[in-house]
>>> print(open('query-v4.txt').read())   # compact mmCIF, C-alpha atoms
# COMPACT_ATOMS: atom_id res chain seq x y z
CA MET A 1 121.97 275.88 116.93
CA PRO A 2 123.46 274.13 113.93
CA GLU A 3 121.81 274.62 110.54
CA LEU A 4 119.45 271.64 110.32
CA GLY A 5 117.71 272.71 107.12
CA LYS A 6 114.41 271.16 106.18
CA TYR A 7 114.82 268.24 108.62
CA ALA A 8 115.11 270.42 111.74
CA VAL A 9 111.93 269.03 113.31
CA GLU A 10 112.95 265.41 112.77
CA VAL A 11 116.48 265.75 114.12
CA ALA A 12 115.51 267.90 117.09
CA SER A 13 112.61 265.65 118.07
CA ALA A 14 114.82 262.52 117.86
CA TYR A 15 117.24 264.13 120.33
CA VAL A 16 114.54 265.48 122.63
CA VAL A 17 112.60 262.19 122.80
CA SER A 18 115.74 260.13 123.44
CA LEU A 19 117.17 262.42 126.09
CA ALA A 20 113.81 262.57 127.85
CA LEU A 21 113.58 258.75 127.93
CA LEU A 22 117.16 258.38 129.20
CA GLY A 23 116.65 261.11 131.80
CA GLY A 24 113.46 259.43 133.01
CA LEU A 25 115.22 256.09 133.34
CA VAL A 26 118.12 257.57 135.33
CA TRP A 27 115.73 259.47 137.59
CA LEU A 28 113.58 256.38 138.25
CA SER A 29 116.61 254.20 138.99
CA LEU A 30 118.02 256.74 141.45
CA ARG A 31 114.69 257.31 143.17
CA GLN A 32 114.00 253.58 143.59
CA GLY A 33 117.54 253.09 144.88
CA ALA A 34 117.20 255.85 147.47
CA ARG A 35 113.83 254.58 148.65
CA VAL A 36 114.94 250.96 149.11
CA ARG A 37 118.15 252.07 150.85
CA ALA A 38 116.16 254.20 153.31
CA GLU A 39 113.72 251.37 154.06
CA LEU A 40 116.56 248.90 154.60
CA ARG A 41 118.32 251.34 156.93
CA ALA A 42 115.14 251.77 158.99
CA VAL A 43 114.62 248.02 159.36
CA GLU A 44 118.27 247.42 160.25
CA ALA A 45 118.16 250.16 162.89
CA ARG A 46 115.01 248.66 164.39
CA ARG A 47 116.65 245.24 164.49
CA ASN A 48 119.78 246.56 166.20
CA ARG A 49 117.69 248.25 168.86
CA SER A 50 115.73 245.08 169.63
CA ASP A 51 118.96 243.05 169.74
CA GLY A 52 120.62 245.33 172.28
CA MET B 53 120.07 237.61 149.94
CA GLN B 54 121.89 234.44 150.83
CA ARG B 55 124.60 234.75 153.41
CA ASN B 56 128.16 233.94 152.46
CA THR B 57 128.50 230.28 153.30
CA GLY B 58 131.81 229.90 155.12
CA ALA B 59 135.32 230.56 153.94
CA PRO B 60 136.21 229.97 150.31
CA ILE B 61 137.69 226.54 149.72
CA SER B 62 140.33 227.89 147.43
CA ARG B 63 142.40 230.95 148.28
CA VAL B 64 142.75 231.79 144.61
CA MET B 65 141.02 235.03 143.64
CA SER B 66 138.45 234.33 141.02
CA LEU B 67 135.67 236.03 139.17
CA TRP B 68 133.16 234.15 141.29
CA GLU B 69 134.07 236.18 144.34
CA TYR B 70 132.00 239.00 142.87
CA ALA B 71 129.00 236.71 143.06
CA ASN B 72 129.10 237.24 146.81
CA PRO B 73 126.60 240.06 147.43
CA LYS B 74 128.72 241.71 150.09
CA LYS B 75 131.76 241.78 147.84
CA PHE B 76 129.62 242.98 144.96
CA MET B 77 128.24 245.87 147.04
CA GLN B 78 131.76 246.90 148.06
CA VAL B 79 133.25 246.83 144.58
CA SER B 80 130.25 248.32 142.78
CA GLY B 81 130.01 251.12 145.34
CA ALA B 82 133.65 252.00 144.75
CA VAL B 83 133.55 252.00 140.94
CA LEU B 84 130.12 253.59 140.46
CA PRO B 85 131.16 257.26 140.69
CA TRP B 86 133.92 256.68 138.13
CA VAL B 87 131.82 254.72 135.67
CA GLY B 88 128.96 257.18 136.06
CA GLY B 89 131.18 260.22 135.59
CA LEU B 90 132.82 258.72 132.53
CA ALA B 91 129.40 257.83 131.08
CA ALA B 92 128.18 261.41 131.52
CA ALA B 93 131.37 262.80 129.96
CA CYS B 94 131.28 260.47 126.92
CA LEU B 95 127.58 261.10 126.34
CA ALA B 96 127.93 264.87 126.66
CA ILE B 97 130.92 264.97 124.30
CA GLY B 98 129.65 262.39 121.81
CA LEU B 99 126.14 263.77 121.48
CA SER B 100 127.05 267.46 121.35
CA TRP B 101 129.88 266.68 118.89
CA GLY B 102 127.42 264.79 116.73
CA PHE B 103 124.64 267.34 117.02
CA PHE B 104 126.59 270.60 116.67
CA PHE B 105 129.87 269.88 114.93
CA THR B 106 129.33 267.31 112.21
CA PRO B 107 128.54 268.08 108.58
CA ASP B 108 125.35 266.98 106.84
CA ASP B 109 125.37 263.89 104.68
CA PHE B 110 125.23 264.64 100.95
CA ARG B 111 122.12 262.51 100.52
CA GLN B 112 120.48 262.40 103.95
CA GLY B 113 120.98 266.04 104.89
CA SER B 114 120.91 266.77 108.62
CA THR B 115 118.97 263.56 109.43
CA VAL B 116 122.32 261.80 109.57
CA LYS B 117 122.74 263.37 113.02
CA ILE B 118 120.17 260.89 114.31
CA ILE B 119 122.82 258.18 113.89
CA TYR B 120 124.57 259.30 117.12
CA ILE B 121 121.53 258.14 119.12
CA HIS B 122 119.97 255.51 116.90
CA VAL B 123 122.99 253.23 116.42
CA PRO B 124 124.23 253.24 120.06
CA ALA B 125 120.69 252.71 121.38
CA ALA B 126 120.02 249.80 119.01
CA LEU B 127 123.40 248.29 119.83
CA MET B 128 122.63 248.45 123.55
CA GLY B 129 119.09 247.15 123.05
CA ILE B 130 120.61 243.99 121.55
CA ASN B 131 123.67 243.73 123.79
CA ALA B 132 121.67 244.27 126.98
CA TRP B 133 119.69 241.18 126.10
CA LEU B 134 122.89 239.24 125.44
CA MET B 135 124.25 240.39 128.81
CA MET B 136 121.00 239.14 130.38
CA LEU B 137 121.49 235.85 128.53
CA VAL B 138 124.97 235.40 130.03
CA THR B 139 123.91 236.32 133.58
CA SER B 140 120.79 234.12 133.28
CA LEU B 141 122.94 231.17 132.23
CA ILE B 142 125.27 231.81 135.17
CA TRP B 143 122.21 231.78 137.44
CA LEU B 144 120.88 228.55 135.91
CA VAL B 145 124.23 226.76 136.11
CA ARG B 146 125.87 228.14 139.25
CA ARG B 147 122.90 229.57 141.21
CA HIS B 148 124.53 232.91 141.94
CA HIS B 149 121.80 235.26 143.10
CA VAL B 150 123.66 238.44 142.15
CA SER B 151 123.79 237.18 138.59
CA ALA B 152 120.03 236.65 138.42
CA LEU B 153 119.44 240.07 139.97
CA ALA B 154 121.78 241.72 137.47
CA ALA B 155 119.68 240.27 134.63
CA LYS B 156 116.52 241.56 136.29
CA ALA B 157 118.12 244.98 136.79
CA ALA B 158 119.25 245.24 133.15
CA ALA B 159 115.87 244.55 131.54
CA PRO B 160 114.25 247.99 131.96
CA VAL B 161 117.45 249.62 130.71
CA GLY B 162 117.45 247.39 127.64
CA LEU B 163 113.78 248.14 127.06
CA VAL B 164 114.35 251.90 127.11
CA MET B 165 117.28 251.49 124.68
CA THR B 166 115.05 249.44 122.36
CA VAL B 167 112.27 252.02 122.53
CA ILE B 168 114.74 254.82 121.74
CA ALA B 169 116.09 252.87 118.76
CA LEU B 170 112.58 252.23 117.44
CA ALA B 171 111.47 255.85 117.99
CA THR B 172 114.54 257.43 116.41
CA GLY B 173 114.35 254.88 113.61
CA ALA B 174 110.77 255.88 112.85
CA ILE B 175 111.64 259.59 112.98
CA TRP B 176 114.54 258.93 110.61
CA GLY B 177 112.64 256.55 108.33
CA GLN B 178 109.83 258.99 107.67
CA PRO B 179 111.88 261.51 105.64
CA MET B 180 114.37 258.98 104.20
CA TRP B 181 112.26 255.95 103.31
CA GLY B 182 108.93 257.75 103.17
CA THR B 183 107.51 255.60 105.95
CA TRP B 184 107.63 255.46 109.76
CA TRP B 185 107.60 251.71 109.80
CA ALA B 186 108.15 248.82 107.44
CA TRP B 187 107.92 245.09 108.06
CA ASP B 188 111.57 244.75 107.22
CA PRO B 189 113.33 241.72 108.76
CA ARG B 190 115.63 243.78 110.92
CA LEU B 191 112.88 246.13 112.13
CA THR B 192 110.46 243.30 112.79
CA SER B 193 112.87 241.19 114.84
CA PHE B 194 113.82 244.32 116.79
CA LEU B 195 110.18 245.03 117.57
CA ILE B 196 109.74 241.44 118.77
CA LEU B 197 112.82 241.89 120.97
CA GLY B 198 111.10 244.91 122.50
CA LEU B 199 108.02 242.78 123.23
CA PHE B 200 110.26 240.14 124.81
CA TYR B 201 111.62 242.81 127.16
CA LEU B 202 108.06 243.61 128.23
CA GLY B 203 107.26 239.93 128.75
CA TYR B 204 110.46 239.39 130.70
CA ILE B 205 109.77 242.31 133.05
CA ALA B 206 106.15 241.20 133.49
CA LEU B 207 107.21 237.62 134.28
CA TRP B 208 109.59 238.78 137.02
CA SER B 209 106.81 240.69 138.74
CA ALA B 210 104.19 237.96 138.24
CA ILE B 211 105.94 235.26 140.31
CA ASP B 212 106.26 235.56 144.07
CA ASN B 213 109.01 233.05 144.74
CA PRO B 214 112.23 234.83 143.73
CA ASP B 215 114.10 231.65 142.74
CA THR B 216 111.26 230.38 140.58
CA ALA B 217 110.98 233.82 138.99
CA ALA B 218 114.72 233.77 138.24
CA ASP B 219 114.45 230.28 136.70
CA LEU B 220 111.50 231.06 134.45
CA THR B 221 112.76 234.46 133.31
CA ALA B 222 116.11 232.83 132.50
CA VAL B 223 114.33 230.40 130.19
CA LEU B 224 112.37 233.26 128.59
CA CYS B 225 115.66 235.07 128.08
CA LEU B 226 117.11 232.06 126.24
CA VAL B 227 114.15 232.02 123.86
CA GLY B 228 114.25 235.78 123.27
CA SER B 229 117.93 235.61 122.35
CA VAL B 230 116.89 234.30 118.93
CA PHE B 231 115.36 237.71 118.20
CA ALA B 232 118.27 239.63 119.69
CA LEU B 233 120.57 237.79 117.29
CA LEU B 234 118.13 238.07 114.39
CA SER B 235 117.92 241.84 114.74
CA ARG B 236 121.68 241.95 114.40
CA TYR B 237 122.14 239.42 111.62
CA ALA B 238 118.81 239.30 109.74
CA VAL B 239 120.13 241.97 107.40
CA LEU B 240 122.83 239.58 106.20
CA PHE B 241 120.64 236.76 104.99
CA TRP B 242 117.30 238.36 104.14
CA ASN B 243 118.13 240.91 101.55
CA GLN B 244 114.70 242.24 100.77
CA GLY B 245 114.81 244.63 103.75
CA LEU B 246 114.97 248.40 103.69
CA HIS B 247 117.45 248.72 106.53
CA GLN B 248 121.11 248.95 105.65
CA GLY B 249 123.91 246.82 107.07
CA ALA B 250 126.30 247.55 109.92
CA SER B 251 127.51 251.13 110.33
CA LEU B 252 130.68 250.07 112.06
CA THR B 253 132.97 247.14 111.53
CA VAL B 254 136.01 246.02 113.45
CA THR B 255 138.11 245.94 110.30
CA GLN B 256 139.78 249.03 108.91
CA ASP B 257 137.47 249.79 105.99
CA ASN B 258 134.68 251.70 107.64
CA PRO B 259 131.46 252.06 105.71
CA ILE B 260 131.14 255.58 107.11
CA SER B 261 133.61 258.44 106.82
CA ASP B 262 135.86 259.68 109.62
CA VAL B 263 133.94 262.89 110.37
CA PHE B 264 130.97 260.76 111.40
CA TYR B 265 133.00 257.89 112.84
CA TRP B 266 134.70 259.47 115.85
CA PRO B 267 131.69 261.22 117.36
CA LEU B 268 129.76 257.97 116.83
CA VAL B 269 132.40 255.94 118.66
CA THR B 270 132.35 258.44 121.56
CA SER B 271 128.59 258.30 121.74
CA ILE B 272 128.59 254.48 121.68
CA SER B 273 131.11 254.46 124.56
CA GLY B 274 128.79 256.80 126.43
CA PHE B 275 125.81 254.49 125.92
CA VAL B 276 127.81 251.41 127.00
CA LEU B 277 129.02 253.19 130.14
CA LEU B 278 125.54 254.55 130.88
CA PHE B 279 124.17 251.01 130.62
CA LEU B 280 126.87 249.76 132.99
CA THR B 281 126.16 252.58 135.46
CA LEU B 282 122.43 251.95 135.46
CA VAL B 283 122.84 248.18 135.79
CA LEU B 284 125.17 248.67 138.77
CA ILE B 285 122.78 251.10 140.47
CA ARG B 286 119.78 248.87 139.82
CA THR B 287 121.51 245.63 140.84
CA ARG B 288 122.50 247.29 144.12
CA THR B 289 118.87 248.25 144.63
CA GLU B 290 117.75 244.66 143.91
CA ILE B 291 120.28 243.24 146.39
CA ARG B 292 119.10 245.67 149.08
CA ARG B 293 115.51 244.83 148.29
CA ARG B 294 116.24 241.11 148.79
CA ARG B 295 117.95 241.78 152.09
CA LEU B 296 115.06 243.99 153.18
CA GLN B 297 112.60 241.21 152.35
CA ALA B 298 114.68 238.64 154.26
CA LEU B 299 114.80 240.88 157.35
CA LEU B 300 111.07 241.54 157.23
CA ASN B 301 110.36 237.81 156.94
CA ARG B 302 112.59 237.11 159.93
CA GLU B 303 110.81 239.79 161.97
CA ARG B 304 107.47 238.29 161.13
CA ARG B 305 108.59 234.84 162.27
CA THR B 306 109.88 235.97 165.69
>>> encode(input="query-v4.txt", output="structure tokens")
Amino acid sequence: MPELGKYAVEVASAYVVSLALLGGLVWLSLRQGARVRAELRAVEARRNRSDG
Amino acid sequence: MQRNTGAPISRVMSLWEYANPKKFMQVSGAVLPWVGGLAAACLAIGLSWGFFFTPDDFRQGSTVKIIYIHVPAALMGINAWLMMLVTSLIWLVRRHHVSALAAKAAAPVGLVMTVIALATGAIWGQPMWGTWWAWDPRLTSFLILGLFYLGYIALWSAIDNPDTAADLTAVLCLVGSVFALLSRYAVLFWNQGLHQGASLTVTQDNPISDVFYWPLVTSISGFVLLFLTLVLIRTRTEIRRRRLQALLNRERRT
């Protein structure tokens, strides 16, 4: 750890809060993406079966 | 999503080809791993450089390290809205669905950037200004921008017809742009504020010294690339969601 002096709490919490928010956003975006892709795949497969 | 309507009239390659959802999916799928990897690299380097290997400021002590998050996040909070303004205008004028969906996809990313800028600003303001919050012109217009993000996201989910939703949110985006621009420029013409001016300028005389400048530039690049990555991922999701909805509607009709 770098020497943060008397502002250690402020600096560390700014980094922790920001990284947590960014991590949450990335996780949500990926999860939503995976879910929609799976649903679309299922519907497309069903459609192909009924076509054939 | 709308189907590609016939062959292009002109054979000339143009920017508008990317407005075709199929083409957009192809290109975005190919570039995503690169943009995402580069974003992760720039963020990891920029933030750890800033956090571990920069000196303290002679007046602000170690709180200056907050700059490597605060400035890039604020910059993206404003620029995300301006990107949404451009894509909304493209939707209004040329009716490209991908453009409207890109604006929709960018809003939550811009909101998170705005929240990070406000949070880190408060954490920084407490020891330096003696207050978490002040009704300073720049801070106030930035807070209003954050509220506009919330309103924009709420409006998208409140309207069932996707084209109407795109129209109305585009108009809201136009109005909100006033506050996006104010939070950037308010500092120039209202000088009673607490917040200082720009940390970076395009000209050579930088207001901040080199030891802080290069990690900051790396971190900003990381935030820009992260924004791009997330917008690509989320726009792809929105396009798939539209297609899914279209297929389900067709099934219901037959």
>>> closest_atom_pairs(input="query-v4.txt", of="chain A", to="chain B", cutoff="9 Å", atoms="only C-alpha atoms", output="tab-separated table")
residue	atom	partner	partner_atom	distance
A:Met1	CA	B:Phe104	CA	7.0
A:Pro2	CA	B:Phe104	CA	5.5
A:Glu3	CA	B:Ser114	CA	8.1
A:Leu4	CA	B:Ser114	CA	5.4
A:Gly5	CA	B:Ser114	CA	6.9
A:Lys6	CA	B:Ser114	CA	8.2
A:Tyr7	CA	B:Ser114	CA	6.3
A:Ala8	CA	B:Ser114	CA	7.5
A:Glu10	CA	B:Ile175	CA	6.0
A:Val11	CA	B:Thr115	CA	5.7
A:Ala12	CA	B:Ile118	CA	8.9
A:Ser13	CA	B:Ile175	CA	8.0
A:Ala14	CA	B:Thr172	CA	5.3
A:Tyr15	CA	B:Ile118	CA	7.4
A:Val17	CA	B:Ile168	CA	7.7
A:Ser18	CA	B:Ile168	CA	5.7
A:Leu21	CA	B:Val164	CA	6.9
A:Leu22	CA	B:Val164	CA	7.4
A:Leu25	CA	B:Val161	CA	7.3
A:Val26	CA	B:Leu282	CA	7.1
A:Ser29	CA	B:Arg286	CA	6.3
A:Leu30	CA	B:Ile285	CA	7.4
A:Gln32	CA	B:Thr289	CA	7.3
A:Gly33	CA	B:Thr289	CA	5.0
A:Ala34	CA	B:Thr289	CA	8.3
A:Val36	CA	B:Arg293	CA	6.2
A:Arg37	CA	B:Arg292	CA	6.7
A:Glu39	CA	B:Leu296	CA	7.6
A:Leu40	CA	B:Leu296	CA	5.3
A:Arg41	CA	B:Leu296	CA	8.9
A:Val43	CA	B:Leu296	CA	7.4
A:Glu44	CA	B:Leu299	CA	8.0
A:Arg47	CA	B:Glu303	CA	8.4
>>> atom_distance(input="query-v4.txt", atom1="CA of Leu220 in chain B", atom2="CA of Thr192 in chain B")
24.9 Å
>>> atom_distance(input="query-v4.txt", atom1="CA of Ser80 in chain B", atom2="CA of Ala152 in chain B")
16.1 Å
>>> atom_distance(input="query-v4.txt", atom1="CA of Gly198 in chain B", atom2="CA of Ala159 in chain B")
10.2 Å
>>> closest_residue(input="query-v4.txt", among="B:Ala222, B:Val145, B:Ala232, B:Leu90", to="Gly129 in chain B", atoms="all atoms listed in the file")
B:Ala232
>>> closest_residue(input="query-v4.txt", among="B:Ile196, B:Leu284, B:Leu153, B:Asp262", to="Trp208 in chain B", atoms="only C-alpha atoms")
B:Leu153
>>> axis_aligned_box(input="query-v4.txt", around="range 37-43 of chain A", padding_each_side="4 Å", output="lines of an AutoDock Vina configuration file")
center_x = 116.0
center_y = 251.1
center_z = 155.1
size_x = 12.6
size_y = 14.2
size_z = 16.5
>>> residues_around(input="query-v4.txt", residues="Ala217 in chain B", least_positions_apart="6", cutoff="9 Å", atoms="all atoms listed in the file", output="ChimeraX atom specification")
/B:207-211
>>> write_last_selection(input="query-v4.txt", atoms="C-alpha atoms", output="PDB file, keeping the file's coordinate frame")
ATOM      1  CA  LEU B 207     107.210 237.620 134.280  1.00  0.00           C
ATOM      2  CA  TRP B 208     109.590 238.780 137.020  1.00  0.00           C
ATOM      3  CA  SER B 209     106.810 240.690 138.740  1.00  0.00           C
ATOM      4  CA  ALA B 210     104.190 237.960 138.240  1.00  0.00           C
ATOM      5  CA  ILE B 211     105.940 235.260 140.310  1.00  0.00           C
TER       6      ILE B 211
END
